[in-house]
Every structure is written in structure tokens, then in C-alpha cells.
>>> print(open('run_22.cif').read())   # mmCIF, N, CA and C atoms and all ligand atoms
data_query
loop_
_atom_site.label_atom_id
_atom_site.label_comp_id
_atom_site.auth_asym_id
_atom_site.auth_seq_id
_atom_site.Cartn_x
_atom_site.Cartn_y
_atom_site.Cartn_z
N MET A 1 0.83 -1.20 0.00
CA MET A 1 0.00 0.00 0.00
C MET A 1 0.88 1.26 0.00
N LYS A 2 0.61 2.17 -0.92
CA LYS A 2 1.40 3.41 -0.99
C LYS A 2 0.53 4.61 -0.62
N TYR A 3 1.07 5.49 0.16
CA TYR A 3 0.36 6.70 0.53
C TYR A 3 1.13 7.90 0.01
N ALA A 4 0.46 8.77 -0.74
CA ALA A 4 1.09 10.00 -1.17
C ALA A 4 0.82 11.06 -0.10
N VAL A 5 1.89 11.34 0.64
CA VAL A 5 1.78 12.19 1.81
C VAL A 5 1.17 13.56 1.49
N ALA A 6 1.65 14.19 0.42
CA ALA A 6 1.14 15.52 0.06
C ALA A 6 -0.35 15.48 -0.26
N ASP A 7 -0.77 14.40 -0.93
CA ASP A 7 -2.19 14.27 -1.29
C ASP A 7 -3.07 14.13 -0.04
N ILE A 8 -2.59 13.35 0.93
CA ILE A 8 -3.35 13.18 2.17
C ILE A 8 -3.54 14.53 2.85
N LEU A 9 -2.44 15.30 2.94
CA LEU A 9 -2.51 16.61 3.60
C LEU A 9 -3.48 17.54 2.88
N LYS A 10 -3.32 17.62 1.57
CA LYS A 10 -4.21 18.49 0.79
C LYS A 10 -5.66 18.04 0.91
N GLY A 11 -5.84 16.72 0.95
CA GLY A 11 -7.19 16.16 1.02
C GLY A 11 -7.98 16.62 2.23
N VAL A 12 -7.28 16.92 3.33
CA VAL A 12 -7.98 17.39 4.53
C VAL A 12 -7.78 18.88 4.74
N GLY A 13 -7.23 19.54 3.74
CA GLY A 13 -7.10 21.00 3.80
C GLY A 13 -5.94 21.52 4.63
N LEU A 14 -4.94 20.65 4.87
CA LEU A 14 -3.75 21.12 5.60
C LEU A 14 -2.67 21.52 4.61
N LYS A 15 -1.96 22.61 4.94
CA LYS A 15 -0.87 23.06 4.09
C LYS A 15 0.25 22.02 4.14
N VAL A 16 0.88 21.77 3.01
CA VAL A 16 1.99 20.82 2.96
C VAL A 16 3.26 21.52 3.43
N THR A 17 3.74 21.17 4.62
CA THR A 17 5.00 21.74 5.13
C THR A 17 6.01 20.61 5.28
N PRO A 18 7.31 20.95 5.33
CA PRO A 18 8.32 19.89 5.48
C PRO A 18 8.11 19.06 6.74
N THR A 19 7.76 19.71 7.86
CA THR A 19 7.56 18.97 9.11
C THR A 19 6.39 18.00 9.00
N ARG A 20 5.27 18.49 8.49
CA ARG A 20 4.10 17.61 8.33
C ARG A 20 4.41 16.45 7.39
N SER A 21 5.10 16.74 6.31
CA SER A 21 5.42 15.68 5.35
C SER A 21 6.32 14.62 5.98
N LEU A 22 7.31 15.08 6.75
CA LEU A 22 8.22 14.13 7.40
C LEU A 22 7.48 13.21 8.35
N ILE A 23 6.66 13.81 9.21
CA ILE A 23 5.96 13.03 10.23
C ILE A 23 4.96 12.07 9.59
N LEU A 24 4.18 12.57 8.65
CA LEU A 24 3.20 11.70 7.99
C LEU A 24 3.91 10.61 7.19
N GLY A 25 5.09 10.95 6.66
CA GLY A 25 5.88 9.98 5.90
C GLY A 25 6.26 8.77 6.74
N VAL A 26 6.55 8.99 8.01
CA VAL A 26 6.90 7.88 8.90
C VAL A 26 5.70 6.95 9.06
N PHE A 27 4.51 7.53 9.24
CA PHE A 27 3.30 6.70 9.36
C PHE A 27 3.01 5.95 8.07
N ALA A 28 3.18 6.64 6.96
CA ALA A 28 2.89 6.02 5.67
C ALA A 28 3.81 4.84 5.41
N ALA A 29 5.07 4.94 5.88
CA ALA A 29 6.05 3.90 5.64
C ALA A 29 5.83 2.69 6.54
N SER A 30 5.15 2.88 7.66
CA SER A 30 4.94 1.76 8.58
C SER A 30 3.45 1.60 8.82
N ALA A 31 2.73 1.40 7.73
CA ALA A 31 1.27 1.46 7.69
C ALA A 31 0.54 0.89 8.91
N CYS A 32 0.94 -0.29 9.37
CA CYS A 32 0.14 -0.96 10.41
C CYS A 32 0.70 -0.79 11.81
N LYS A 33 1.83 -0.11 11.93
CA LYS A 33 2.48 -0.07 13.23
C LYS A 33 2.17 1.24 13.95
N PRO A 34 1.52 1.17 15.12
CA PRO A 34 1.28 2.40 15.87
C PRO A 34 2.60 3.01 16.35
N ILE A 35 2.66 4.33 16.36
CA ILE A 35 3.90 5.04 16.68
C ILE A 35 3.59 6.11 17.72
N ASN A 36 4.51 6.34 18.66
CA ASN A 36 4.30 7.44 19.61
C ASN A 36 5.28 8.58 19.33
N ALA A 37 5.12 9.68 20.05
CA ALA A 37 5.91 10.88 19.79
C ALA A 37 7.41 10.64 19.97
N ASP A 38 7.77 9.86 20.99
CA ASP A 38 9.18 9.59 21.24
C ASP A 38 9.84 8.85 20.08
N GLU A 39 9.12 7.86 19.56
CA GLU A 39 9.66 7.09 18.43
C GLU A 39 9.84 7.99 17.21
N LEU A 40 8.88 8.87 17.00
CA LEU A 40 9.01 9.81 15.88
C LEU A 40 10.23 10.70 16.07
N TYR A 41 10.40 11.17 17.28
CA TYR A 41 11.51 12.05 17.62
C TYR A 41 12.84 11.37 17.28
N HIS A 42 12.96 10.09 17.64
CA HIS A 42 14.20 9.37 17.36
C HIS A 42 14.36 9.04 15.88
N LYS A 43 13.27 8.65 15.25
CA LYS A 43 13.33 8.32 13.82
C LYS A 43 13.72 9.53 12.99
N LEU A 44 13.29 10.71 13.44
CA LEU A 44 13.53 11.93 12.67
C LEU A 44 14.65 12.76 13.29
N ALA A 45 15.49 12.11 14.07
CA ALA A 45 16.54 12.82 14.81
C ALA A 45 17.40 13.69 13.90
N SER A 46 17.69 13.20 12.71
CA SER A 46 18.57 13.96 11.81
C SER A 46 17.92 15.24 11.31
N HIS A 47 16.61 15.38 11.52
CA HIS A 47 15.93 16.60 11.06
C HIS A 47 15.74 17.62 12.18
N ALA A 48 16.21 17.27 13.38
CA ALA A 48 16.19 18.19 14.52
C ALA A 48 14.82 18.83 14.77
N LEU A 49 13.76 18.01 14.74
CA LEU A 49 12.44 18.53 15.13
C LEU A 49 12.36 18.50 16.65
N ASN A 50 11.67 19.46 17.26
CA ASN A 50 11.52 19.32 18.71
C ASN A 50 10.21 18.62 19.05
N LEU A 51 10.20 18.07 20.27
CA LEU A 51 9.07 17.23 20.68
C LEU A 51 7.75 18.00 20.69
N VAL A 52 7.80 19.27 21.09
CA VAL A 52 6.57 20.06 21.13
C VAL A 52 5.96 20.15 19.73
N THR A 53 6.80 20.38 18.74
CA THR A 53 6.33 20.44 17.35
C THR A 53 5.70 19.11 16.95
N ILE A 54 6.34 18.03 17.36
CA ILE A 54 5.83 16.70 17.02
C ILE A 54 4.45 16.48 17.66
N TYR A 55 4.34 16.79 18.95
CA TYR A 55 3.04 16.65 19.64
C TYR A 55 1.96 17.47 18.95
N ARG A 56 2.31 18.72 18.64
CA ARG A 56 1.32 19.60 18.00
C ARG A 56 0.89 19.06 16.64
N THR A 57 1.85 18.57 15.89
CA THR A 57 1.53 18.05 14.56
C THR A 57 0.64 16.82 14.68
N LEU A 58 0.95 15.94 15.64
CA LEU A 58 0.13 14.74 15.83
C LEU A 58 -1.30 15.12 16.19
N GLU A 59 -1.44 16.12 17.08
CA GLU A 59 -2.79 16.56 17.46
C GLU A 59 -3.56 17.13 16.27
N SER A 60 -2.86 17.91 15.44
CA SER A 60 -3.56 18.49 14.30
C SER A 60 -3.94 17.40 13.29
N PHE A 61 -3.10 16.38 13.15
CA PHE A 61 -3.44 15.25 12.27
C PHE A 61 -4.65 14.49 12.80
N GLU A 62 -4.70 14.35 14.13
CA GLU A 62 -5.84 13.65 14.73
C GLU A 62 -7.13 14.44 14.49
N LYS A 63 -7.04 15.75 14.72
CA LYS A 63 -8.21 16.61 14.51
C LYS A 63 -8.69 16.56 13.07
N ALA A 64 -7.74 16.48 12.15
CA ALA A 64 -8.08 16.46 10.73
C ALA A 64 -8.58 15.09 10.28
N GLY A 65 -8.45 14.10 11.17
CA GLY A 65 -8.94 12.76 10.85
C GLY A 65 -7.95 11.90 10.07
N ILE A 66 -6.69 12.34 9.98
CA ILE A 66 -5.68 11.54 9.28
C ILE A 66 -5.19 10.42 10.19
N LEU A 67 -4.99 10.75 11.47
CA LEU A 67 -4.50 9.77 12.43
C LEU A 67 -5.57 9.48 13.47
N LYS A 68 -5.47 8.30 14.07
CA LYS A 68 -6.32 8.04 15.23
C LYS A 68 -5.44 7.53 16.36
N ARG A 69 -5.92 7.76 17.58
CA ARG A 69 -5.20 7.28 18.75
C ARG A 69 -5.45 5.81 18.95
N VAL A 70 -4.44 5.10 19.43
CA VAL A 70 -4.60 3.69 19.75
C VAL A 70 -4.18 3.52 21.20
N ASP A 71 -5.03 2.88 22.01
CA ASP A 71 -4.68 2.66 23.40
C ASP A 71 -4.05 1.29 23.56
N LEU A 72 -2.72 1.26 23.65
CA LEU A 72 -2.00 -0.01 23.77
C LEU A 72 -1.56 -0.26 25.21
N ARG A 73 -2.05 0.57 26.14
CA ARG A 73 -1.70 0.47 27.57
C ARG A 73 -0.20 0.51 27.79
N LYS A 74 0.49 1.34 27.03
CA LYS A 74 1.94 1.40 27.18
C LYS A 74 2.38 2.68 27.88
N GLY A 75 1.46 3.44 28.40
CA GLY A 75 1.85 4.62 29.17
C GLY A 75 2.10 5.85 28.33
N SER A 76 1.96 5.74 27.01
CA SER A 76 2.03 6.94 26.18
C SER A 76 1.03 6.77 25.04
N VAL A 77 0.73 7.88 24.40
CA VAL A 77 -0.29 7.85 23.35
C VAL A 77 0.31 7.38 22.04
N TYR A 78 -0.29 6.41 21.43
CA TYR A 78 0.15 5.93 20.13
C TYR A 78 -0.85 6.35 19.06
N TYR A 79 -0.32 6.56 17.87
CA TYR A 79 -1.17 6.94 16.74
C TYR A 79 -0.92 6.02 15.56
N GLU A 80 -1.91 5.95 14.69
CA GLU A 80 -1.71 5.27 13.41
C GLU A 80 -2.64 5.89 12.38
N LEU A 81 -2.40 5.57 11.13
CA LEU A 81 -3.24 6.12 10.06
C LEU A 81 -4.69 5.71 10.30
N ALA A 82 -5.60 6.65 10.17
CA ALA A 82 -7.00 6.41 10.52
C ALA A 82 -7.73 5.56 9.49
N GLU A 83 -7.32 5.66 8.24
CA GLU A 83 -8.13 5.06 7.19
C GLU A 83 -8.01 3.54 7.11
N HIS A 84 -7.00 3.00 7.73
CA HIS A 84 -6.76 1.57 7.61
C HIS A 84 -7.30 0.85 8.84
N HIS A 85 -8.46 0.22 8.72
CA HIS A 85 -9.09 -0.38 9.89
C HIS A 85 -8.48 -1.72 10.27
N HIS A 86 -7.97 -1.81 11.47
CA HIS A 86 -7.48 -3.10 11.97
C HIS A 86 -7.39 -3.06 13.49
N HIS A 87 -6.99 -4.18 14.08
CA HIS A 87 -6.89 -4.30 15.53
C HIS A 87 -5.49 -4.77 15.89
N HIS A 88 -5.16 -4.70 17.16
CA HIS A 88 -3.82 -5.09 17.60
C HIS A 88 -3.87 -6.12 18.70
N ILE A 89 -2.78 -6.87 18.80
CA ILE A 89 -2.57 -7.73 19.96
C ILE A 89 -1.22 -7.33 20.55
N VAL A 90 -1.20 -7.10 21.86
CA VAL A 90 -0.03 -6.54 22.52
C VAL A 90 0.45 -7.50 23.61
N CYS A 91 1.77 -7.74 23.65
CA CYS A 91 2.34 -8.58 24.69
C CYS A 91 2.49 -7.75 25.97
N THR A 92 1.90 -8.21 27.06
CA THR A 92 1.95 -7.45 28.31
C THR A 92 3.30 -7.57 29.00
N GLU A 93 4.17 -8.47 28.49
CA GLU A 93 5.50 -8.62 29.08
C GLU A 93 6.52 -7.74 28.38
N CYS A 94 6.61 -7.83 27.04
CA CYS A 94 7.67 -7.12 26.32
C CYS A 94 7.14 -6.00 25.43
N GLY A 95 5.84 -5.88 25.30
CA GLY A 95 5.29 -4.77 24.51
C GLY A 95 5.20 -5.05 23.02
N LYS A 96 5.65 -6.23 22.57
CA LYS A 96 5.55 -6.60 21.16
C LYS A 96 4.11 -6.40 20.69
N THR A 97 3.97 -5.78 19.52
CA THR A 97 2.63 -5.46 19.03
C THR A 97 2.46 -5.97 17.60
N GLU A 98 1.42 -6.74 17.38
CA GLU A 98 1.11 -7.18 16.02
C GLU A 98 -0.28 -6.67 15.65
N SER A 99 -0.51 -6.48 14.36
CA SER A 99 -1.83 -6.03 13.96
C SER A 99 -2.48 -7.09 13.09
N PHE A 100 -3.79 -7.11 13.09
CA PHE A 100 -4.50 -8.02 12.20
C PHE A 100 -5.76 -7.34 11.70
N GLU A 101 -6.16 -7.72 10.51
CA GLU A 101 -7.25 -7.01 9.85
C GLU A 101 -8.59 -7.68 10.00
N ALA A 102 -8.57 -8.97 10.37
CA ALA A 102 -9.85 -9.67 10.49
C ALA A 102 -10.72 -8.95 11.50
N CYS A 103 -11.89 -8.52 11.09
CA CYS A 103 -12.76 -7.78 11.99
C CYS A 103 -14.18 -8.31 11.90
N GLU A 104 -14.63 -8.92 12.96
CA GLU A 104 -15.98 -9.48 13.02
C GLU A 104 -16.89 -8.59 13.84
N VAL A 105 -16.41 -7.41 14.14
CA VAL A 105 -17.12 -6.56 15.09
C VAL A 105 -18.42 -6.02 14.51
N GLY A 106 -18.50 -5.95 13.17
CA GLY A 106 -19.73 -5.47 12.54
C GLY A 106 -20.96 -6.22 13.02
N LYS A 107 -20.86 -7.56 13.05
CA LYS A 107 -21.96 -8.42 13.51
C LYS A 107 -22.31 -8.10 14.96
N LEU A 108 -21.27 -8.05 15.78
CA LEU A 108 -21.45 -7.77 17.20
C LEU A 108 -22.12 -6.42 17.40
N SER A 109 -21.71 -5.43 16.60
CA SER A 109 -22.29 -4.09 16.72
C SER A 109 -23.80 -4.12 16.54
N LYS A 110 -24.26 -4.93 15.58
CA LYS A 110 -25.71 -5.02 15.35
C LYS A 110 -26.43 -5.55 16.57
N GLN A 111 -25.86 -6.58 17.19
CA GLN A 111 -26.45 -7.13 18.42
C GLN A 111 -26.49 -6.08 19.53
N ILE A 112 -25.35 -5.40 19.69
CA ILE A 112 -25.25 -4.39 20.75
C ILE A 112 -26.29 -3.30 20.52
N LEU A 113 -26.40 -2.89 19.26
CA LEU A 113 -27.33 -1.82 18.90
C LEU A 113 -28.76 -2.19 19.26
N LYS A 114 -29.14 -3.43 18.94
CA LYS A 114 -30.49 -3.91 19.22
C LYS A 114 -30.83 -3.80 20.70
N GLN A 115 -29.83 -4.09 21.55
CA GLN A 115 -30.06 -4.10 23.00
C GLN A 115 -29.86 -2.73 23.63
N SER A 116 -29.53 -1.74 22.82
CA SER A 116 -29.23 -0.42 23.39
C SER A 116 -30.29 0.59 23.01
N SER A 117 -30.11 1.82 23.47
CA SER A 117 -31.03 2.89 23.11
C SER A 117 -30.39 3.77 22.03
N PHE A 118 -29.38 3.24 21.33
CA PHE A 118 -28.64 4.04 20.35
C PHE A 118 -29.24 3.90 18.96
N LYS A 119 -29.04 4.97 18.19
CA LYS A 119 -29.53 4.98 16.81
C LYS A 119 -28.54 4.27 15.90
N ASN A 120 -27.26 4.49 16.13
CA ASN A 120 -26.26 3.80 15.32
C ASN A 120 -24.93 3.67 16.06
N ILE A 121 -24.10 2.78 15.53
CA ILE A 121 -22.72 2.63 16.00
C ILE A 121 -21.86 2.81 14.77
N ASN A 122 -20.97 3.79 14.79
CA ASN A 122 -20.18 4.01 13.58
C ASN A 122 -18.67 3.90 13.78
N GLN A 123 -18.25 3.59 15.01
CA GLN A 123 -16.82 3.41 15.27
C GLN A 123 -16.65 2.35 16.34
N HIS A 124 -15.48 1.72 16.34
CA HIS A 124 -15.14 0.90 17.50
C HIS A 124 -13.63 0.83 17.63
N ALA A 125 -13.18 0.58 18.84
CA ALA A 125 -11.75 0.41 19.11
C ALA A 125 -11.64 -0.85 19.93
N LEU A 126 -10.76 -1.74 19.53
CA LEU A 126 -10.67 -3.03 20.21
C LEU A 126 -9.25 -3.55 20.09
N GLU A 127 -8.58 -3.69 21.22
CA GLU A 127 -7.23 -4.24 21.20
C GLU A 127 -7.18 -5.45 22.12
N PHE A 128 -6.27 -6.34 21.83
CA PHE A 128 -6.15 -7.58 22.60
C PHE A 128 -4.82 -7.60 23.32
N PHE A 129 -4.79 -8.19 24.51
CA PHE A 129 -3.56 -8.24 25.29
C PHE A 129 -3.29 -9.66 25.73
N GLY A 130 -2.02 -10.04 25.71
CA GLY A 130 -1.67 -11.40 26.09
C GLY A 130 -0.16 -11.52 26.24
N VAL A 131 0.36 -12.74 26.17
CA VAL A 131 1.80 -12.96 26.31
C VAL A 131 2.31 -13.62 25.04
N CYS A 132 3.37 -13.04 24.44
CA CYS A 132 3.87 -13.58 23.18
C CYS A 132 4.63 -14.89 23.42
N ARG A 133 4.89 -15.65 22.34
CA ARG A 133 5.51 -16.96 22.49
C ARG A 133 6.89 -16.88 23.11
N SER A 134 7.70 -15.85 22.73
CA SER A 134 9.06 -15.84 23.28
C SER A 134 9.06 -15.46 24.76
N CYS A 135 8.12 -14.63 25.19
CA CYS A 135 8.02 -14.32 26.62
C CYS A 135 7.48 -15.51 27.40
N ALA A 136 6.58 -16.29 26.80
CA ALA A 136 5.97 -17.43 27.47
C ALA A 136 7.00 -18.52 27.73
N ARG A 137 8.05 -18.56 26.91
CA ARG A 137 9.08 -19.59 27.03
C ARG A 137 10.00 -19.38 28.22
N GLU A 138 10.16 -18.11 28.64
CA GLU A 138 11.15 -17.80 29.70
C GLU A 138 10.73 -18.34 31.07
ZN ZN B 201 6.62 -10.67 24.74
ZN ZN B 202 -12.79 -3.71 13.69
#
>>> encode(input="run_22.cif", output="C-alpha cells")
Amino acid sequence: MKYAVADILKGVGLKVTPTRSLILGVFAASACKPINADELYHKLASHALNLVTIYRTLESFEKAGILKRVDLRKGSVYYELAEHHHHHIVCTECGKTESFEACEVGKLSKQILKQSSFKNINQHALEFFGVCRSCARE
């Protein structure tokens, strides 16, 4: 899957700046992997961006609907591209994170809706936690 960073920015009405392109480029290159501000800071170390700029850019991307937050229970906020729907499984021992696209939640949503007082359900967030094989061996 290829993402044209400039097109994504223009598509949501954001000006294409070098900082925005760099940060969005990291997400585009690692499509399924959630990333936090610290990781971006280190990945882009050669460009000397400061953390405040990175936080601000991430927030503006979230507001624009390009990125969404993912709660991986790792003590910091992770983001990933919003348009690609999938779920994660996280190792509670070492933090290893894998993503998978199989999503059966649509069916479940219909059941939940029937039993609720809601008109519709249009989003869901669902992550799984467990112990990876290499941690289980120790
Ligand atoms: Zn592990
Ligand atoms: Zn889903």
C-alpha cells in the first residue's frame, strides 16, 4: 500500500509543510504499526524537530482525521493512520505489538445496537492483550 503524503494533507485542507510531510511519511512507511511521539523524535533525529512540534503536529493530524489514537496500555499515546481499519494484539510482558485485519465486530455491533437505546454505531476500538511466544518460554 502506498500513501502520497502531500495528497493526504491536501485532502484534509492542511498546508503541505516539510515537518508535516516528514511526520506523515513515517506513518505512511509503517502502515500498520502504531507510533508514539518519542519514536518519531528518534526516527527523525537527523531533522532536529523538537518534541513540542511533534506533539502539536500529531494533534492536528488527529483533529483532521488523518490519524487516530490507539490505546496499547503502554503509558504513552500511540497513533496510526486512521483510514486503515485493523486491531492489535499486545504482549503485556515485552510490549511486542502485532496487527490483524480480520474484523468481526460489525456483527457484534448489530447485536449491541439492538439491545441499546442508540440509533447507530459508527466506530469501534478493540485491542487484545496477552503474552507472546518468546516471553511465554522464559
Ligand atoms: Zn513478549
Ligand atoms: Zn474492527
>>> residues_near_ligand(input="run_22.cif", ligand="ligand ZN 202 (chain B)", cutoff="7 Å", atoms="all atoms listed in the file", output="list of chain:residue names")
A:His85, A:His86, A:His87, A:Glu101, A:Ala102, A:Cys103, A:Glu104, A:Val105, A:Gly106, A:His124, A:Ala125, A:Leu126
>>> select_by_dssp(input="run_22.cif", residues="chain A", states="strand (DSSP E or B)", output="number ranges by chain")
A: 35-36, 67-70, 78-81, 87-91, 97-100, 127-130
>>> write_last_selection(input="run_22.cif", atoms="N, CA and C atoms", output="PDB file, keeping the file's coordinate frame")
ATOM      1  N   ILE A  35       2.660   4.330  16.360  1.00  0.00           N
ATOM      2  CA  ILE A  35       3.900   5.040  16.680  1.00  0.00           C
ATOM      3  C   ILE A  35       3.590   6.110  17.720  1.00  0.00           C
ATOM      4  N   ASN A  36       4.510   6.340  18.660  1.00  0.00           N
ATOM      5  CA  ASN A  36       4.300   7.440  19.610  1.00  0.00           C
ATOM      6  C   ASN A  36       5.280   8.580  19.330  1.00  0.00           C
ATOM      7  N   LEU A  67      -4.990  10.750  11.470  1.00  0.00           N
ATOM      8  CA  LEU A  67      -4.500   9.770  12.430  1.00  0.00           C
ATOM      9  C   LEU A  67      -5.570   9.480  13.470  1.00  0.00           C
ATOM     10  N   LYS A  68      -5.470   8.300  14.070  1.00  0.00           N
ATOM     11  CA  LYS A  68      -6.320   8.040  15.230  1.00  0.00           C
ATOM     12  C   LYS A  68      -5.440   7.530  16.360  1.00  0.00           C
ATOM     13  N   ARG A  69      -5.920   7.760  17.580  1.00  0.00           N
ATOM     14  CA  ARG A  69      -5.200   7.280  18.750  1.00  0.00           C
ATOM     15  C   ARG A  69      -5.450   5.810  18.950  1.00  0.00           C
ATOM     16  N   VAL A  70      -4.440   5.100  19.430  1.00  0.00           N
ATOM     17  CA  VAL A  70      -4.600   3.690  19.750  1.00  0.00           C
ATOM     18  C   VAL A  70      -4.180   3.520  21.200  1.00  0.00           C
ATOM     19  N   TYR A  78      -0.290   6.410  21.430  1.00  0.00           N
ATOM     20  CA  TYR A  78       0.150   5.930  20.130  1.00  0.00           C
ATOM     21  C   TYR A  78      -0.850   6.350  19.060  1.00  0.00           C
ATOM     22  N   TYR A  79      -0.320   6.560  17.870  1.00  0.00           N
ATOM     23  CA  TYR A  79      -1.170   6.940  16.740  1.00  0.00           C
ATOM     24  C   TYR A  79      -0.920   6.020  15.560  1.00  0.00           C
ATOM     25  N   GLU A  80      -1.910   5.950  14.690  1.00  0.00           N
ATOM     26  CA  GLU A  80      -1.710   5.270  13.410  1.00  0.00           C
ATOM     27  C   GLU A  80      -2.640   5.890  12.380  1.00  0.00           C
ATOM     28  N   LEU A  81      -2.400   5.570  11.130  1.00  0.00           N
ATOM     29  CA  LEU A  81      -3.240   6.120  10.060  1.00  0.00           C
ATOM     30  C   LEU A  81      -4.690   5.710  10.300  1.00  0.00           C
ATOM     31  N   HIS A  87      -6.990  -4.180  14.080  1.00  0.00           N
ATOM     32  CA  HIS A  87      -6.890  -4.300  15.530  1.00  0.00           C
ATOM     33  C   HIS A  87      -5.490  -4.770  15.890  1.00  0.00           C
ATOM     34  N   HIS A  88      -5.160  -4.700  17.160  1.00  0.00           N
ATOM     35  CA  HIS A  88      -3.820  -5.090  17.600  1.00  0.00           C
ATOM     36  C   HIS A  88      -3.870  -6.120  18.700  1.00  0.00           C
ATOM     37  N   ILE A  89      -2.780  -6.870  18.800  1.00  0.00           N
ATOM     38  CA  ILE A  89      -2.570  -7.730  19.960  1.00  0.00           C
ATOM     39  C   ILE A  89      -1.220  -7.330  20.550  1.00  0.00           C
ATOM     40  N   VAL A  90      -1.200  -7.100  21.860  1.00  0.00           N
ATOM     41  CA  VAL A  90      -0.030  -6.540  22.520  1.00  0.00           C
ATOM     42  C   VAL A  90       0.450  -7.500  23.610  1.00  0.00           C
ATOM     43  N   CYS A  91       1.770  -7.740  23.650  1.00  0.00           N
ATOM     44  CA  CYS A  91       2.340  -8.580  24.690  1.00  0.00           C
ATOM     45  C   CYS A  91       2.490  -7.750  25.970  1.00  0.00           C
ATOM     46  N   THR A  97       3.970  -5.780  19.520  1.00  0.00           N
ATOM     47  CA  THR A  97       2.630  -5.460  19.030  1.00  0.00           C
ATOM     48  C   THR A  97       2.460  -5.970  17.600  1.00  0.00           C
ATOM     49  N   GLU A  98       1.420  -6.740  17.380  1.00  0.00           N
ATOM     50  CA  GLU A  98       1.110  -7.180  16.020  1.00  0.00           C
ATOM     51  C   GLU A  98      -0.280  -6.670  15.650  1.00  0.00           C
ATOM     52  N   SER A  99      -0.510  -6.480  14.360  1.00  0.00           N
ATOM     53  CA  SER A  99      -1.830  -6.030  13.960  1.00  0.00           C
ATOM     54  C   SER A  99      -2.480  -7.090  13.090  1.00  0.00           C
ATOM     55  N   PHE A 100      -3.790  -7.110  13.090  1.00  0.00           N
ATOM     56  CA  PHE A 100      -4.500  -8.020  12.200  1.00  0.00           C
ATOM     57  C   PHE A 100      -5.760  -7.340  11.700  1.00  0.00           C
ATOM     58  N   GLU A 127      -8.580  -3.690  21.220  1.00  0.00           N
ATOM     59  CA  GLU A 127      -7.230  -4.240  21.200  1.00  0.00           C
ATOM     60  C   GLU A 127      -7.180  -5.450  22.120  1.00  0.00           C
ATOM     61  N   PHE A 128      -6.270  -6.340  21.830  1.00  0.00           N
ATOM     62  CA  PHE A 128      -6.150  -7.580  22.600  1.00  0.00           C
ATOM     63  C   PHE A 128      -4.820  -7.600  23.320  1.00  0.00           C
ATOM     64  N   PHE A 129      -4.790  -8.190  24.510  1.00  0.00           N
ATOM     65  CA  PHE A 129      -3.560  -8.240  25.290  1.00  0.00           C
ATOM     66  C   PHE A 129      -3.290  -9.660  25.730  1.00  0.00           C
ATOM     67  N   GLY A 130      -2.020 -10.040  25.710  1.00  0.00           N
ATOM     68  CA  GLY A 130      -1.670 -11.400  26.090  1.00  0.00           C
ATOM     69  C   GLY A 130      -0.160 -11.520  26.240  1.00  0.00           C
TER      70      GLY A 130
END
>>> residues_near_ligand(input="run_22.cif", ligand="ligand ZN 201 (chain B)", cutoff="8 Å", atoms="only N, CA and C atoms and all ligand atoms", output="PDB file with N, CA and C atoms, keeping the file's coordinate frame")
ATOM      1  N   VAL A  90      -1.200  -7.100  21.860  1.00  0.00           N
ATOM      2  CA  VAL A  90      -0.030  -6.540  22.520  1.00  0.00           C
ATOM      3  C   VAL A  90       0.450  -7.500  23.610  1.00  0.00           C
ATOM      4  N   CYS A  91       1.770  -7.740  23.650  1.00  0.00           N
ATOM      5  CA  CYS A  91       2.340  -8.580  24.690  1.00  0.00           C
ATOM      6  C   CYS A  91       2.490  -7.750  25.970  1.00  0.00           C
ATOM      7  N   THR A  92       1.900  -8.210  27.060  1.00  0.00           N
ATOM      8  CA  THR A  92       1.950  -7.450  28.310  1.00  0.00           C
ATOM      9  C   THR A  92       3.300  -7.570  29.000  1.00  0.00           C
ATOM     10  N   GLU A  93       4.170  -8.470  28.490  1.00  0.00           N
ATOM     11  CA  GLU A  93       5.500  -8.620  29.080  1.00  0.00           C
ATOM     12  C   GLU A  93       6.520  -7.740  28.380  1.00  0.00           C
ATOM     13  N   CYS A  94       6.610  -7.830  27.040  1.00  0.00           N
ATOM     14  CA  CYS A  94       7.670  -7.120  26.320  1.00  0.00           C
ATOM     15  C   CYS A  94       7.140  -6.000  25.430  1.00  0.00           C
ATOM     16  N   GLY A  95       5.840  -5.880  25.300  1.00  0.00           N
ATOM     17  CA  GLY A  95       5.290  -4.770  24.510  1.00  0.00           C
ATOM     18  C   GLY A  95       5.200  -5.050  23.020  1.00  0.00           C
ATOM     19  N   LYS A  96       5.650  -6.230  22.570  1.00  0.00           N
ATOM     20  CA  LYS A  96       5.550  -6.600  21.160  1.00  0.00           C
ATOM     21  C   LYS A  96       4.110  -6.400  20.690  1.00  0.00           C
ATOM     22  N   THR A  97       3.970  -5.780  19.520  1.00  0.00           N
ATOM     23  CA  THR A  97       2.630  -5.460  19.030  1.00  0.00           C
ATOM     24  C   THR A  97       2.460  -5.970  17.600  1.00  0.00           C
ATOM     25  N   GLY A 130      -2.020 -10.040  25.710  1.00  0.00           N
ATOM     26  CA  GLY A 130      -1.670 -11.400  26.090  1.00  0.00           C
ATOM     27  C   GLY A 130      -0.160 -11.520  26.240  1.00  0.00           C
ATOM     28  N   VAL A 131       0.360 -12.740  26.170  1.00  0.00           N
ATOM     29  CA  VAL A 131       1.800 -12.960  26.310  1.00  0.00           C
ATOM     30  C   VAL A 131       2.310 -13.620  25.040  1.00  0.00           C
ATOM     31  N   CYS A 132       3.370 -13.040  24.440  1.00  0.00           N
ATOM     32  CA  CYS A 132       3.870 -13.580  23.180  1.00  0.00           C
ATOM     33  C   CYS A 132       4.630 -14.890  23.420  1.00  0.00           C
ATOM     34  N   ARG A 133       4.890 -15.650  22.340  1.00  0.00           N
ATOM     35  CA  ARG A 133       5.510 -16.960  22.490  1.00  0.00           C
ATOM     36  C   ARG A 133       6.890 -16.880  23.110  1.00  0.00           C
ATOM     37  N   SER A 134       7.700 -15.850  22.730  1.00  0.00           N
ATOM     38  CA  SER A 134       9.060 -15.840  23.280  1.00  0.00           C
ATOM     39  C   SER A 134       9.060 -15.460  24.760  1.00  0.00           C
ATOM     40  N   CYS A 135       8.120 -14.630  25.190  1.00  0.00           N
ATOM     41  CA  CYS A 135       8.020 -14.320  26.620  1.00  0.00           C
ATOM     42  C   CYS A 135       7.480 -15.510  27.400  1.00  0.00           C
ATOM     43  N   ALA A 136       6.580 -16.290  26.800  1.00  0.00           N
ATOM     44  CA  ALA A 136       5.970 -17.430  27.470  1.00  0.00           C
ATOM     45  C   ALA A 136       7.000 -18.520  27.730  1.00  0.00           C
TER      46      ALA A 136
END
>>> residues_around(input="run_22.cif", residues="stretch 27-41 of chain A", least_positions_apart="6", cutoff="6 Å", atoms="only C-alpha atoms", output="PyMOL selection string")
chain A and resi 3+77-80
>>> select_by_dssp(input="run_22.cif", residues="stretch 43-108 of chain A", states="helix (DSSP H, G or I)", output="list in words")
Lys43, Ala45, Ser46, His47, Leu51, Val52, Thr53, Ile54, Tyr55, Arg56, Thr57, Leu58, Glu59, Ser60, Phe61, Glu62, Lys63, Ala64, Val105, Gly106, Lys107 and Leu108 of chain A
